[in-house]
$ cat entry00.txt   # compact mmCIF, C-alpha atoms
# COMPACT_ATOMS: atom_id res chain seq x y z
CA MET A 1 52.83 -32.44 21.33
CA ASN A 2 51.55 -30.61 24.41
CA TYR A 3 53.69 -29.50 27.36
CA ASP A 4 52.72 -32.35 29.71
CA THR A 5 53.52 -34.99 27.10
CA ALA A 6 56.86 -33.37 26.31
CA LEU A 7 57.73 -33.18 30.01
CA ASP A 8 56.86 -36.84 30.53
CA ARG A 9 59.04 -37.81 27.58
CA ALA A 10 61.95 -35.76 28.92
CA TYR A 11 61.72 -37.50 32.30
CA ASP A 12 61.57 -40.89 30.57
CA ASP A 13 64.84 -40.07 28.77
CA LEU A 14 66.72 -39.23 31.98
CA PRO A 15 69.03 -41.92 33.43
CA GLU A 16 67.41 -43.84 36.26
CA GLN A 17 68.32 -42.42 39.68
CA THR A 18 67.90 -43.68 43.19
CA HIS A 19 68.23 -41.69 46.39
CA ASP A 20 69.86 -44.13 48.75
CA GLU A 21 73.05 -42.08 48.78
CA GLY A 22 74.30 -43.45 52.09
CA SER A 23 74.82 -46.93 50.66
CA ARG A 24 76.51 -45.81 47.47
CA LEU A 25 80.03 -45.32 48.82
CA SER A 26 81.39 -47.25 51.77
CA VAL A 27 85.17 -46.97 51.80
CA PRO A 28 87.30 -48.98 54.24
CA ASP A 29 89.44 -46.94 56.61
CA PRO A 30 93.05 -46.91 55.42
CA ALA A 31 95.28 -49.41 57.23
CA GLY A 32 98.76 -47.93 57.50
CA GLU A 33 101.93 -49.48 58.93
CA THR A 34 105.07 -47.41 59.49
CA ASP A 35 108.28 -49.36 58.98
CA GLY A 36 111.49 -47.37 59.25
CA ASP A 37 111.71 -44.80 56.49
CA PHE A 38 108.50 -45.77 54.71
CA THR A 39 104.80 -46.41 55.39
CA ARG A 40 102.71 -49.24 53.99
CA LEU A 41 99.06 -48.92 53.00
CA THR A 42 97.99 -52.54 53.34
CA ASN A 43 94.44 -52.29 51.99
CA VAL A 44 94.77 -50.07 48.93
CA GLY A 45 93.20 -52.88 46.87
CA ALA A 46 90.08 -53.02 49.06
CA ILE A 47 89.81 -49.22 48.98
CA ALA A 48 90.08 -49.21 45.18
CA ASP A 49 87.42 -51.93 44.91
CA ALA A 50 85.05 -49.87 47.07
CA LEU A 51 85.64 -46.84 44.85
CA GLY A 52 85.31 -48.84 41.62
CA ARG A 53 88.74 -47.72 40.50
CA ASP A 54 92.01 -49.40 39.54
CA ALA A 55 94.22 -49.93 42.59
CA GLU A 56 97.35 -48.66 40.86
CA HIS A 57 95.47 -45.51 39.84
CA VAL A 58 94.49 -44.92 43.48
CA HIS A 59 98.07 -45.56 44.61
CA SER A 60 99.49 -43.07 42.10
CA ALA A 61 97.06 -40.38 43.22
CA ILE A 62 97.82 -40.99 46.92
CA GLN A 63 101.54 -40.84 46.18
CA ARG A 64 101.06 -37.49 44.42
CA ALA A 65 98.87 -36.11 47.23
CA LEU A 66 101.45 -37.08 49.85
CA GLY A 67 104.20 -35.47 47.80
CA THR A 68 106.43 -38.54 47.92
CA SER A 69 107.53 -41.59 45.93
CA GLY A 70 106.45 -45.16 46.51
CA GLN A 71 105.88 -48.64 45.17
CA PHE A 72 102.72 -50.51 44.24
CA ASP A 73 102.41 -54.25 44.89
CA GLY A 74 98.98 -55.64 44.09
CA ASP A 75 96.68 -54.96 47.03
CA ARG A 76 99.39 -53.16 48.99
CA ALA A 77 101.48 -50.05 48.50
CA ARG A 78 104.29 -48.33 50.31
CA TYR A 79 105.35 -44.70 50.44
CA ASN A 80 108.66 -43.14 51.36
CA GLY A 81 108.26 -41.23 54.62
CA SER A 82 106.23 -41.51 57.80
CA PHE A 83 102.48 -41.02 57.35
CA ASP A 84 99.54 -41.63 59.65
CA THR A 85 95.90 -42.50 59.07
CA ALA A 86 94.91 -38.85 58.88
CA ASP A 87 97.34 -38.35 55.98
CA PHE A 88 95.82 -41.25 54.05
CA ASP A 89 92.27 -40.11 54.91
CA ALA A 90 93.02 -36.67 53.49
CA ALA A 91 94.59 -38.13 50.35
CA LEU A 92 91.53 -40.34 49.81
CA ASP A 93 89.17 -37.40 50.28
CA ASP A 94 91.16 -35.61 47.62
CA TYR A 95 90.98 -38.63 45.30
CA ILE A 96 87.23 -39.08 45.76
CA ALA A 97 86.59 -35.41 44.96
CA GLU A 98 88.82 -35.53 41.90
CA PHE A 99 88.18 -38.95 40.39
CA VAL A 100 84.90 -40.30 41.81
CA THR A 101 82.30 -37.68 42.79
CA CYS A 102 80.04 -36.16 40.13
CA SER A 103 80.32 -32.37 40.27
CA GLU A 104 76.67 -31.99 39.22
CA CYS A 105 74.68 -34.40 41.40
CA GLY A 106 77.33 -35.17 44.03
CA LEU A 107 76.95 -38.94 43.66
CA PRO A 108 79.79 -41.44 43.21
CA ASP A 109 78.09 -43.38 40.39
CA THR A 110 80.78 -42.49 37.88
CA ILE A 111 83.22 -44.12 35.50
CA LEU A 112 86.58 -42.93 34.23
CA THR A 113 87.04 -42.94 30.48
CA ARG A 114 89.63 -41.57 28.09
CA GLU A 115 88.20 -39.63 25.18
CA ASP A 116 90.42 -38.02 22.55
CA GLY A 117 93.33 -38.39 24.94
CA ILE A 118 91.51 -36.63 27.80
CA GLU A 119 90.54 -38.42 30.99
CA MET A 120 86.82 -37.85 31.58
CA LEU A 121 84.56 -38.55 34.56
CA ARG A 122 81.09 -39.64 33.40
CA CYS A 123 78.18 -39.92 35.83
CA GLN A 124 75.86 -42.87 35.31
CA ALA A 125 73.28 -41.37 37.67
CA CYS A 126 72.63 -37.97 36.08
CA GLY A 127 74.49 -38.20 32.78
CA ALA A 128 76.87 -35.31 33.49
CA PHE A 129 80.51 -35.51 32.42
CA ARG A 130 83.63 -33.43 32.93
CA PRO A 131 87.38 -33.61 32.35
CA VAL A 132 89.23 -34.91 35.39
CA GLN A 133 90.82 -32.05 37.31
CA LYS A 134 94.57 -32.05 36.93
CA ARG A 135 96.92 -30.75 39.56
CA SER A 136 99.07 -27.74 38.77
CA SER A 137 102.39 -28.36 37.09
CA PRO A 138 105.49 -27.92 39.24
CA SER A 139 106.21 -24.57 37.60
CA ALA A 140 102.70 -23.34 38.42
CA GLN A 141 103.00 -24.66 41.93
CA THR A 142 106.11 -22.60 42.58
CA ARG A 143 104.00 -19.54 41.86
CA ALA A 144 101.18 -20.71 44.12
CA ALA A 145 100.34 -18.90 47.32
CA GLU A 146 102.63 -19.92 50.14
CA LEU A 147 101.31 -21.75 53.18
CA GLU A 148 103.36 -22.18 56.32
CA GLU A 149 102.97 -24.29 59.44
CA GLY A 150 102.10 -22.06 62.37
CA GLY A 151 100.46 -19.46 60.12
CA THR A 152 96.86 -18.28 60.34
CA TYR A 153 94.92 -17.74 57.11
CA GLU A 154 91.44 -16.71 56.05
CA LEU A 155 90.01 -19.60 54.05
CA LYS A 156 86.78 -20.21 52.15
CA ILE A 157 85.47 -23.70 52.82
CA THR A 158 84.50 -25.14 49.44
CA GLY A 159 83.85 -28.79 50.27
CA THR A 160 83.41 -31.48 52.89
CA GLY A 161 85.86 -34.33 53.47
CA ARG A 162 84.96 -37.98 53.98
CA LYS A 163 85.21 -37.56 57.76
CA GLY A 164 83.07 -34.40 57.77
CA ASP A 165 85.93 -31.89 57.92
CA GLY A 166 85.67 -28.65 55.98
CA VAL A 167 87.96 -28.52 52.93
CA ALA A 168 89.59 -25.39 51.48
CA GLU A 169 92.07 -24.80 48.67
CA LYS A 170 94.98 -22.36 48.76
CA GLY A 171 97.46 -22.42 45.91
CA LYS A 172 98.64 -26.01 45.52
CA TYR A 173 97.35 -27.02 48.96
CA THR A 174 94.20 -28.86 50.01
CA ILE A 175 93.48 -27.84 53.61
CA PHE A 176 91.31 -29.81 56.05
CA VAL A 177 89.62 -27.80 58.81
CA PRO A 178 87.62 -29.81 61.39
CA GLY A 179 84.50 -27.99 62.58
CA ALA A 180 84.21 -25.79 59.49
CA GLN A 181 81.20 -26.03 57.17
CA GLU A 182 81.00 -25.70 53.40
CA GLY A 183 80.29 -22.09 52.40
CA GLN A 184 81.91 -20.54 55.48
CA VAL A 185 84.87 -18.18 55.45
CA VAL A 186 86.99 -19.04 58.49
CA SER A 187 90.25 -18.09 60.15
CA ALA A 188 92.36 -21.25 60.34
CA TYR A 189 95.67 -22.04 62.04
CA ILE A 190 97.89 -24.42 60.04
CA LYS A 191 99.08 -27.20 62.34
CA ASN A 192 100.80 -29.48 59.84
CA ILE A 193 101.71 -29.63 56.16
CA ASN A 194 102.47 -32.90 54.39
CA GLY A 195 103.13 -32.65 50.67
CA ASN A 196 100.16 -30.86 49.11
CA LEU A 197 97.93 -31.56 52.12
CA ALA A 198 97.56 -29.29 55.14
CA PHE A 199 95.75 -29.83 58.42
CA ALA A 200 94.36 -26.89 60.36
CA ARG A 201 92.15 -25.91 63.28
CA LEU A 202 89.77 -23.01 63.63
CA ALA A 203 91.65 -20.00 65.00
$ encode --input "entry00.txt" --output "structure tokens"
Amino acid sequence: MNYDTALDRAYDDLPEQTHDEGSRLSVPDPAGETDGDFTRLTNVGAIADALGRDAEHVHSAIQRALGTSGQFDGDRARYNGSFDTADFDAALDDYIAEFVTCSECGLPDTILTREDGIEMLRCQACGAFRPVQKRSSPSAQTRAAELEEGGTYELKITGTGRKGDGVAEKGKYTIFVPGAQEGQVVSAYIKNINGNLAFARLA
């Protein structure tokens, strides 16, 4: 078999891919309602449907990202504490990066499977697969680098959030920095911390 024939056969064996990335993932904006000591997310079911994930799975991940407890009720969920749309946006960005986006091709054409007791993310576009990233255990988190509101830190931007914000990681925290671009190292002022999520501005 010559080189050209072998190359053609290899391409034929690859999963079919399309390049209309913009239409692949259209997630509704979170609809939050604050009521006393808790906040409702009234469209968690619609968000889960858009992501192709189980609504209770999405709820559990949001609850973890917000660092609080809550209750799931079909298409709705509620969380102890007062949270705004930006908090839910950040939690969803975190969820999409962890449980939806392929780390090889960057597309959301993935499925979650459990193999030998390990949760795996398999991409139906490029064929790549990886174990789902797990958050640090509480004991590891206590050893994580501290982050304080009002502090300024040098951060490496390693990703881009759903709204276009730069995303950095520091210890247990996922930090959103509007105006920062992936690959940059920036000085960022921490405006607010909510659970494992932090919101900053360029210093």
$ atom_distance --input "entry00.txt" --atom1 "atom CA of A:Val167" --atom2 "atom CA of A:Leu147"
15.0 Å
$ residues_near_point --input "entry00.txt" --point "(88.8, -53.4, 46.3)" --cutoff "12 Å" --atoms "all atoms listed in the file" --output "list of chain:residue names"
A:Ser26, A:Val27, A:Pro28, A:Pro30, A:Thr42, A:Asn43, A:Val44, A:Gly45, A:Ala46, A:Ile47, A:Ala48, A:Asp49, A:Ala50, A:Leu51, A:Gly52, A:Arg53, A:Asp54, A:Ala55, A:Glu56, A:Val58, A:Gly74, A:Asp75, A:Arg76
$ residues_near_point --input "entry00.txt" --point "(108.7, -49.7, 60.3)" --cutoff "12 Å" --atoms "all atoms listed in the file" --output "number ranges by chain"
A: 32-40, 78-83
$ closest_atom_pairs --input "entry00.txt" --of "stretch 55-97 of chain A" --to "stretch 105-114 of chain A" --cutoff "12 Å" --atoms "all atoms listed in the file" --output "Markdown table"
| residue | atom | partner | partner_atom | distance |
| --- | --- | --- | --- | --- |
| A:His57 | CA | A:Leu112 | CA | 10.8 |
| A:Tyr95 | CA | A:Pro108 | CA | 11.7 |
| A:Ile96 | CA | A:Pro108 | CA | 8.2 |
| A:Ala97 | CA | A:Pro108 | CA | 9.3 |
$ closest_residue --input "entry00.txt" --among "A:Asp73, A:Glu98, A:Glu149, A:Asp87" --to "A:Ala61" --atoms "all atoms listed in the file"
A:Glu98
$ residues_around --input "entry00.txt" --residues "A:Ile157" --least-positions-apart "2" --cutoff "6 Å" --atoms "only C-alpha atoms" --output "number ranges by chain"
A: 159, 166-168, 182-184
$ closest_residue --input "entry00.txt" --among "A:Thr160, A:Thr85, A:Asn192, A:Ser60" --to "A:Thr101" --atoms "all atoms listed in the file"
A:Thr160
$ closest_residue --input "entry00.txt" --among "A:Asp94, A:Leu155, A:Asp89, A:Cys123" --to "A:Arg64" --atoms "all atoms listed in the file"
A:Asp94
$ atom_distance --input "entry00.txt" --atom1 "atom CA of A:Ala91" --atom2 "atom CA of A:Leu197"
7.6 Å
$ closest_residue --input "entry00.txt" --among "A:Leu202, A:Ile193, A:Ala31, A:Val100" --to "A:Thr152" --atoms "all atoms listed in the file"
A:Leu202
$ atom_distance --input "entry00.txt" --atom1 "atom CA of A:Gly117" --atom2 "atom CA of A:Cys102"
20.3 Å
$ closest_residue --input "entry00.txt" --among "A:Arg201, A:Val185, A:Met120, A:Thr174" --to "A:Lys156" --atoms "only C-alpha atoms"
A:Val185
$ axis_aligned_box --input "entry00.txt" --around "stretch 120-126 of chain A" --padding-each-side "5 Å" --output "AutoDock Vina command-line options"
--center_x 79.7 --center_y -40.4 --center_z 34.6 --size_x 24.2 --size_y 15.0 --size_z 16.1
$ closest_residue --input "entry00.txt" --among "A:Asn196, A:Ala125, A:Ser103, A:Ala90" --to "A:Phe176" --atoms "all atoms listed in the file"
A:Ala90
$ residues_around --input "entry00.txt" --residues "A:Ala200" --least-positions-apart "5" --cutoff "7 Å" --atoms "only C-alpha atoms" --output "PyMOL selection string"
chain A and resi 175-177+188-192
